[in-house]
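The structure file coords_9.cif is reproduced below (mmCIF, C-alpha atoms).
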data_final
#
loop_
_atom_site.label_atom_id
_atom_site.label_comp_id
_atom_site.auth_asym_id
_atom_site.auth_seq_id
_atom_site.Cartn_x
_atom_site.Cartn_y
_atom_site.Cartn_z
CA MET A 125 -24.26 37.67 -135.35
CA SER A 126 -23.57 34.63 -133.17
CA ASN A 127 -24.18 31.17 -134.62
CA TYR A 128 -24.46 29.60 -131.21
CA ILE A 129 -26.38 26.32 -131.28
CA PHE A 130 -28.15 25.26 -128.09
CA GLN A 131 -27.40 21.67 -127.13
CA PHE A 132 -29.43 20.55 -124.11
CA GLY A 133 -28.89 16.86 -124.77
CA GLU A 134 -25.62 16.74 -122.85
CA ILE A 135 -27.17 18.41 -119.80
CA LEU A 136 -30.17 16.08 -119.88
CA LYS A 137 -28.10 12.90 -119.85
CA PRO A 138 -28.94 10.75 -116.78
CA GLY A 139 -25.76 11.52 -114.82
CA ASN A 140 -25.93 15.29 -115.29
CA LEU A 141 -29.69 15.60 -114.91
CA ASP A 142 -29.61 13.41 -111.78
CA GLU A 143 -27.02 15.71 -110.23
CA LEU A 144 -29.19 18.76 -110.91
CA LEU A 145 -32.25 17.05 -109.47
CA TRP A 146 -30.34 16.02 -106.36
CA GLY A 147 -29.11 19.61 -106.09
CA MET A 148 -32.75 20.71 -106.17
CA VAL A 149 -33.57 18.25 -103.36
CA TYR A 150 -30.65 19.56 -101.29
CA THR A 151 -31.82 23.13 -101.89
CA LEU A 152 -35.33 22.30 -100.72
CA ARG A 153 -34.04 20.47 -97.64
CA LEU A 154 -31.65 23.28 -96.70
CA SER A 155 -34.34 25.92 -97.25
CA ALA A 156 -36.98 24.02 -95.25
CA ILE A 157 -34.68 23.47 -92.26
CA ALA A 158 -33.54 27.09 -92.37
CA MET A 159 -37.13 28.36 -92.50
CA VAL A 160 -38.32 26.18 -89.60
CA LEU A 161 -35.40 27.30 -87.43
CA SER A 162 -35.80 30.93 -88.54
CA LEU A 163 -39.47 30.85 -87.61
CA ALA A 164 -38.75 29.30 -84.20
CA PHE A 165 -36.12 31.95 -83.42
CA ALA A 166 -38.34 34.68 -84.86
CA ILE A 167 -41.27 33.84 -82.60
CA VAL A 168 -39.04 34.13 -79.54
CA GLY A 169 -37.31 37.22 -80.91
CA ALA A 170 -40.58 38.96 -81.78
CA LEU A 171 -42.06 38.26 -78.35
CA LEU A 172 -38.96 39.65 -76.65
CA ARG A 173 -38.89 42.66 -78.96
CA THR A 174 -42.52 43.53 -78.25
CA SER A 175 -42.67 42.75 -74.53
CA GLY A 176 -39.18 41.99 -73.27
CA PRO A 177 -36.86 44.15 -71.16
CA LYS A 178 -35.71 47.32 -72.86
CA PRO A 179 -32.05 46.21 -73.27
CA ILE A 180 -33.18 42.96 -74.92
CA GLN A 181 -35.52 44.89 -77.22
CA ALA A 182 -32.63 47.12 -78.24
CA ILE A 183 -30.33 44.13 -78.91
CA ILE A 184 -32.92 42.39 -81.10
CA ALA A 185 -33.72 45.61 -82.96
CA GLY A 186 -30.00 46.12 -83.59
CA TYR A 187 -29.60 42.55 -84.83
CA VAL A 188 -32.52 42.96 -87.24
CA GLU A 189 -31.13 46.22 -88.64
CA ILE A 190 -27.59 44.86 -89.03
CA ILE A 191 -28.67 41.71 -90.85
CA ARG A 192 -31.22 43.46 -93.07
CA ASN A 193 -28.74 46.15 -94.11
CA THR A 194 -25.74 43.99 -95.00
CA PRO A 195 -25.35 41.63 -97.99
CA PHE A 196 -26.05 37.94 -97.45
CA LEU A 197 -22.84 37.15 -99.35
CA VAL A 198 -20.79 39.05 -96.76
CA GLN A 199 -22.60 37.25 -93.95
CA ILE A 200 -21.83 33.78 -95.35
CA PHE A 201 -18.19 34.78 -95.90
CA MET A 202 -17.89 36.02 -92.31
CA ILE A 203 -19.26 32.72 -90.99
CA PHE A 204 -17.33 30.37 -93.28
CA PHE A 205 -14.02 32.24 -93.62
CA GLY A 206 -14.09 34.59 -90.61
CA LEU A 207 -15.11 32.34 -87.70
CA PRO A 208 -12.16 29.90 -88.15
CA THR A 209 -9.78 32.75 -87.31
CA ILE A 210 -11.28 32.87 -83.80
CA GLY A 211 -11.49 29.11 -83.39
CA PHE A 212 -14.95 28.23 -84.76
CA ARG A 213 -14.77 26.13 -87.89
CA LEU A 214 -17.89 24.96 -89.71
CA ASP A 215 -18.09 22.82 -92.82
CA ALA A 216 -19.73 24.35 -95.90
CA ASN A 217 -23.20 22.90 -95.30
CA ASP A 218 -23.30 23.89 -91.62
CA ALA A 219 -22.01 27.39 -92.42
CA ALA A 220 -24.69 27.75 -95.12
CA LEU A 221 -27.43 26.70 -92.70
CA VAL A 222 -26.23 29.05 -89.95
CA ALA A 223 -26.02 31.96 -92.39
CA MET A 224 -29.48 31.29 -93.78
CA VAL A 225 -31.01 30.99 -90.31
CA LEU A 226 -29.38 34.21 -89.10
CA ASN A 227 -30.45 36.05 -92.24
CA GLY A 228 -33.94 34.57 -92.37
CA SER A 229 -34.60 35.17 -88.67
CA ALA A 230 -34.04 38.91 -89.00
CA TYR A 231 -36.72 39.23 -91.68
CA THR A 232 -39.06 36.73 -90.04
CA ILE A 233 -38.90 38.54 -86.69
CA GLU A 234 -40.45 41.58 -88.36
CA ILE A 235 -43.16 39.45 -89.98
CA VAL A 236 -44.07 37.81 -86.66
CA ARG A 237 -43.90 41.13 -84.80
CA ALA A 238 -46.35 42.69 -87.27
CA GLY A 239 -48.69 39.75 -86.76
CA ILE A 240 -48.52 40.02 -82.98
CA GLU A 241 -49.05 43.78 -83.01
CA SER A 242 -52.12 43.37 -85.22
CA ILE A 243 -53.95 41.85 -82.22
CA THR A 244 -55.75 44.50 -80.19
CA VAL A 245 -55.00 45.06 -76.53
CA GLY A 246 -58.68 44.44 -75.75
CA GLN A 247 -58.40 40.82 -76.85
CA MET A 248 -55.39 40.29 -74.61
CA ASP A 249 -57.24 41.90 -71.70
CA ALA A 250 -60.20 39.60 -72.36
CA ALA A 251 -57.92 36.55 -72.35
CA LYS A 252 -56.41 37.68 -69.06
CA ALA A 253 -59.88 38.29 -67.62
CA ILE A 254 -60.95 34.69 -68.22
CA GLY A 255 -57.85 33.41 -66.44
CA LEU A 256 -55.52 32.54 -69.32
CA ARG A 257 -51.83 32.69 -68.52
CA PRO A 258 -49.56 34.70 -70.91
CA LEU A 259 -48.36 31.60 -72.76
CA GLN A 260 -51.92 30.31 -73.10
CA SER A 261 -53.07 33.72 -74.32
CA PHE A 262 -50.37 33.70 -76.97
CA ARG A 263 -51.13 30.14 -78.12
CA LEU A 264 -54.94 30.36 -78.03
CA VAL A 265 -55.69 34.00 -78.77
CA VAL A 266 -52.75 35.76 -80.42
CA LEU A 267 -51.19 33.07 -82.63
CA PRO A 268 -54.34 31.87 -84.48
CA GLN A 269 -55.28 35.45 -85.44
CA ALA A 270 -51.71 36.57 -86.11
CA LEU A 271 -51.23 33.67 -88.55
CA LYS A 272 -53.79 35.23 -90.87
CA VAL A 273 -51.62 38.35 -91.08
CA MET A 274 -48.36 36.41 -91.20
CA LEU A 275 -49.03 33.58 -93.64
CA ALA A 276 -48.63 35.44 -96.94
CA PRO A 277 -45.42 37.25 -95.87
CA LEU A 278 -44.05 34.00 -94.43
CA GLY A 279 -44.70 32.30 -97.76
CA SER A 280 -42.83 35.06 -99.57
CA GLN A 281 -40.00 34.84 -97.05
CA PHE A 282 -39.68 31.08 -97.59
CA ILE A 283 -39.44 31.59 -101.36
CA LEU A 284 -36.88 34.37 -100.90
CA LEU A 285 -34.87 32.16 -98.55
CA MET A 286 -34.92 29.32 -101.09
CA LEU A 287 -33.75 31.65 -103.88
CA ASN A 288 -31.03 33.13 -101.65
CA SER A 289 -29.74 29.61 -100.99
CA SER A 290 -28.10 29.81 -104.41
CA ILE A 291 -25.55 32.18 -102.90
CA VAL A 292 -24.16 29.52 -100.55
CA SER A 293 -22.64 27.77 -103.57
CA VAL A 294 -19.73 30.20 -103.15
CA VAL A 295 -18.57 28.10 -100.19
CA SER A 296 -19.34 24.81 -102.00
CA ALA A 297 -22.39 23.88 -99.92
CA ASP A 298 -24.51 21.11 -101.38
CA GLU A 299 -27.37 22.72 -103.31
CA LEU A 300 -28.63 23.35 -106.83
CA MET A 301 -26.17 26.04 -107.95
CA ALA A 302 -23.20 24.00 -106.75
CA ALA A 303 -24.52 21.04 -108.75
CA ALA A 304 -24.96 23.30 -111.78
CA GLN A 305 -21.37 24.46 -111.53
CA ASP A 306 -20.19 20.85 -111.52
CA VAL A 307 -22.36 19.98 -114.53
CA GLN A 308 -21.32 22.96 -116.63
CA SER A 309 -17.64 22.36 -115.86
CA ARG A 310 -17.97 18.80 -117.24
CA THR A 311 -20.15 19.58 -120.24
CA PHE A 312 -18.75 23.01 -121.20
CA ARG A 313 -22.36 24.10 -121.79
CA PRO A 314 -22.86 26.86 -119.17
CA PHE A 315 -25.68 28.65 -121.00
CA GLU A 316 -27.81 25.52 -121.31
CA THR A 317 -27.02 24.45 -117.74
CA TYR A 318 -28.07 27.75 -116.22
CA ILE A 319 -31.19 27.98 -118.39
CA ILE A 320 -32.31 24.65 -116.89
CA VAL A 321 -31.44 25.86 -113.38
CA PHE A 322 -33.33 29.09 -114.07
CA VAL A 323 -36.39 27.06 -115.03
CA ILE A 324 -36.09 24.85 -111.93
CA TYR A 325 -35.98 27.85 -109.58
CA PHE A 326 -38.87 29.50 -111.41
CA VAL A 327 -41.04 26.38 -111.27
CA LEU A 328 -40.25 25.88 -107.57
CA SER A 329 -41.13 29.50 -106.79
CA MET A 330 -44.42 29.35 -108.65
CA ALA A 331 -45.30 26.00 -107.07
CA PHE A 332 -44.70 27.35 -103.57
CA GLN A 333 -46.67 30.52 -104.31
CA ALA A 334 -49.60 28.36 -105.37
CA ALA A 335 -49.20 26.08 -102.34
CA PHE A 336 -49.20 28.95 -99.85
CA ALA A 337 -52.20 30.54 -101.58
CA LEU A 338 -54.10 27.25 -101.27
CA ILE A 339 -53.13 26.92 -97.60
CA ASP A 340 -54.28 30.49 -96.98
CA ARG A 341 -57.66 29.92 -98.65
CA TRP A 342 -58.17 26.50 -97.06
CA ALA A 343 -57.22 27.48 -93.51
CA PHE A 344 -58.94 30.83 -93.26
CA ALA A 345 -61.94 30.14 -95.46
CA ARG A 346 -62.81 27.28 -93.10
CA ALA A 347 -62.32 29.54 -90.08
CA GLU A 348 -64.63 32.19 -91.53
CA HIS A 349 -67.39 29.66 -92.24
CA ARG A 350 -67.46 28.27 -88.73
#
Mind turning the file's structure into structure tokens?
Amino acid sequence: MSNYIFQFGEILKPGNLDELLWGMVYTLRLSAIAMVLSLAFAIVGALLRTSGPKPIQAIIAGYVEIIRNTPFLVQIFMIFFGLPTIGFRLDANDAALVAMVLNGSAYTIEIVRAGIESITVGQMDAAKAIGLRPLQSFRLVVLPQALKVMLAPLGSQFILLMLNSSIVSVVSADELMAAAQDVQSRTFRPFETYIIVFVIYFVLSMAFQAAFALIDRWAFARAEHR
């Protein structure tokens, strides 16, 4: 039986704990930027997939299937190690962001598409009948109602994207897992280091679940009581 003694004191020293906390901040920043960009691309992609020219619909559908059916680790390796061979070199942080946006967009396109397709044709016809242009119809009629369908899956996608950010440590991007690797290499306490990182990710995930649930109740409960 192992006589291993847990020693968290070394990990919780100011220098090591500060590095982990900064890694958490970098993870949140990277995840937030990636989610905003993913959502922007997904809105365009979903609109084109539902109402664009057939060749464009096929291209977007192919992109979604390719990204969703290949490992994120392979995608980040192709961007960071593969692109330089054809003349495109990105530093670790930029490569991580590009990989997360490409990966997140594929999943978010499907979330947005489901939200758009939940709106009945009759509502779109009514918007057209009162003189709204397509962009106005989308902004004033489709988007507010689609958000109700999309919000919970978007929250889950953000949390998944944040958790997947741990993978970009393999290319030394600045985030929590990379900070953890530095700390455990200095302290020689990998078990304690990764237990703390485990707790940080868990707390972040639960906090964001609660935040999105509050947003959902606040936004749509108010709408229903109007």
Next on the checklist: I'd like the residues picked by the PyMOL selection byres ((chain A and resi 236) around 8) written out as a list in words, using the chain letters and numbers from the file.
Outcome noted: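 When the PyMOL selection byres ((chain A and resi 236) around 8) is applied, the selected residues are Ala166, Ile167, Ala170, Thr232, Ile233, Glu234, Ile235, Arg237, Ala238, Gly239, Ile240, Ala270 and Met274 of chain A.
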Next on the checklist: Can you translate the PyMOL selection byres ((chain A and resi 220) around 8) into the concrete residues it hits in this file, as a PyMOL selection string?
Outcome noted: chain A and resi 200+216-219+221-224+289+292+295+297
Could you give me, as JSON lines, every range 148-243 of chain A residue with an atom at most 12 Å from range 132-144 of chain A, plus its closest atom pair and distance in Å to one decimal, counting all atoms listed in the file, rows ordered by chain then number?
{"residue": "A:Met148", "atom": "CA", "partner": "A:Leu144", "partner_atom": "CA", "distance": 6.2}
{"residue": "A:Val149", "atom": "CA", "partner": "A:Leu144", "partner_atom": "CA", "distance": 8.7}
{"residue": "A:Tyr150", "atom": "CA", "partner": "A:Leu144", "partner_atom": "CA", "distance": 9.8}
{"residue": "A:Thr151", "atom": "CA", "partner": "A:Leu144", "partner_atom": "CA", "distance": 10.4}
Checklist entry - Rounded to one decimal in Å, what is the spacing between CA of Ile339 in chain A and CA of Ser290 in chain A? => result 26.1 Å
Next on the checklist: Around (-47.6, 34.2, -96.2), as given in the file, which residues come within 12 Å? Count all atoms listed in the file and list them as a VMD selection string.
Outcome noted: chain A and resid 232 235 to 236 239 270 to 284 332 to 341
Once the PyMOL selection byres ((chain A and resi 187) around 12) is applied to the coordinates I shared, what remains selected? I want it as a short mmCIF file (atom, residue, chain, number, x, y, z; two decimals) with C-alpha atoms, keeping the file's coordinate frame.
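File produced: part16.cif:
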data_model
loop_
_atom_site.label_atom_id
_atom_site.label_comp_id
_atom_site.auth_asym_id
_atom_site.auth_seq_id
_atom_site.Cartn_x
_atom_site.Cartn_y
_atom_site.Cartn_z
CA ALA A 166 -38.34 34.68 -84.86
CA GLY A 169 -37.31 37.22 -80.91
CA ALA A 170 -40.58 38.96 -81.78
CA ARG A 173 -38.89 42.66 -78.96
CA ILE A 180 -33.18 42.96 -74.92
CA GLN A 181 -35.52 44.89 -77.22
CA ALA A 182 -32.63 47.12 -78.24
CA ILE A 183 -30.33 44.13 -78.91
CA ILE A 184 -32.92 42.39 -81.10
CA ALA A 185 -33.72 45.61 -82.96
CA GLY A 186 -30.00 46.12 -83.59
CA VAL A 188 -32.52 42.96 -87.24
CA GLU A 189 -31.13 46.22 -88.64
CA ILE A 190 -27.59 44.86 -89.03
CA ILE A 191 -28.67 41.71 -90.85
CA ARG A 192 -31.22 43.46 -93.07
CA ASN A 193 -28.74 46.15 -94.11
CA THR A 194 -25.74 43.99 -95.00
CA LEU A 226 -29.38 34.21 -89.10
CA ASN A 227 -30.45 36.05 -92.24
CA GLY A 228 -33.94 34.57 -92.37
CA SER A 229 -34.60 35.17 -88.67
CA ALA A 230 -34.04 38.91 -89.00
CA TYR A 231 -36.72 39.23 -91.68
CA ILE A 233 -38.90 38.54 -86.69
CA GLU A 234 -40.45 41.58 -88.36
#
Checklist entry - Near Ala250 in chain A, counting all atoms listed in the file, which residues have an atom at most 10 Å away, once you skip same-chain residues fewer than 6 positions from it, shown as number ranges by chain? => result A: 256, 261, 265
Checklist entry - Could you state the separation of CA of Phe312 in chain A and CA of Tyr325 in chain A in Å, given to one decimal place? => result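 These two atoms are separated by 21.3 Å.
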Item to check | Å distance separating CA of Gly211 in chain A from CA of Ala156 in chain A, one decimal place | outcome: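 So the answer is 28.6 Å.
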In the coordinates of the file, take the point (-29.4, 25.8, -113.3) and a cut-off of 10 Å; then, counting all atoms listed in the file, name each qualifying protein, DNA or RNA residue as a short mmCIF file (atom, residue, chain, number, x, y, z; two decimals) with C-alpha atoms, in the frame of the given file.
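That gives us result_12.cif:
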data_model
loop_
_atom_site.label_atom_id
_atom_site.label_comp_id
_atom_site.auth_asym_id
_atom_site.auth_seq_id
_atom_site.Cartn_x
_atom_site.Cartn_y
_atom_site.Cartn_z
CA LEU A 144 -29.19 18.76 -110.91
CA LEU A 145 -32.25 17.05 -109.47
CA GLY A 147 -29.11 19.61 -106.09
CA MET A 148 -32.75 20.71 -106.17
CA SER A 290 -28.10 29.81 -104.41
CA LEU A 300 -28.63 23.35 -106.83
CA MET A 301 -26.17 26.04 -107.95
CA ALA A 302 -23.20 24.00 -106.75
CA ALA A 303 -24.52 21.04 -108.75
CA ALA A 304 -24.96 23.30 -111.78
CA GLN A 305 -21.37 24.46 -111.53
CA VAL A 307 -22.36 19.98 -114.53
CA GLN A 308 -21.32 22.96 -116.63
CA PRO A 314 -22.86 26.86 -119.17
CA PHE A 315 -25.68 28.65 -121.00
CA GLU A 316 -27.81 25.52 -121.31
CA THR A 317 -27.02 24.45 -117.74
CA TYR A 318 -28.07 27.75 -116.22
CA ILE A 319 -31.19 27.98 -118.39
CA ILE A 320 -32.31 24.65 -116.89
CA VAL A 321 -31.44 25.86 -113.38
CA PHE A 322 -33.33 29.09 -114.07
CA VAL A 323 -36.39 27.06 -115.03
CA ILE A 324 -36.09 24.85 -111.93
CA TYR A 325 -35.98 27.85 -109.58
#
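Using only C-alpha atoms, the smallest distance between any of A:Val168, A:Ile157, A:Ile129, A:Met286 and Phe262 in chain A comes from A:Val168.
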Checklist entry - Quick one: of A:Ser155, A:Gln131, A:Thr174, A:Ser126, who's nearest to Asn288 in chain A, counting only C-alpha atoms? => result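 Closest to Asn288 in chain A, using only C-alpha atoms: A:Ser155.
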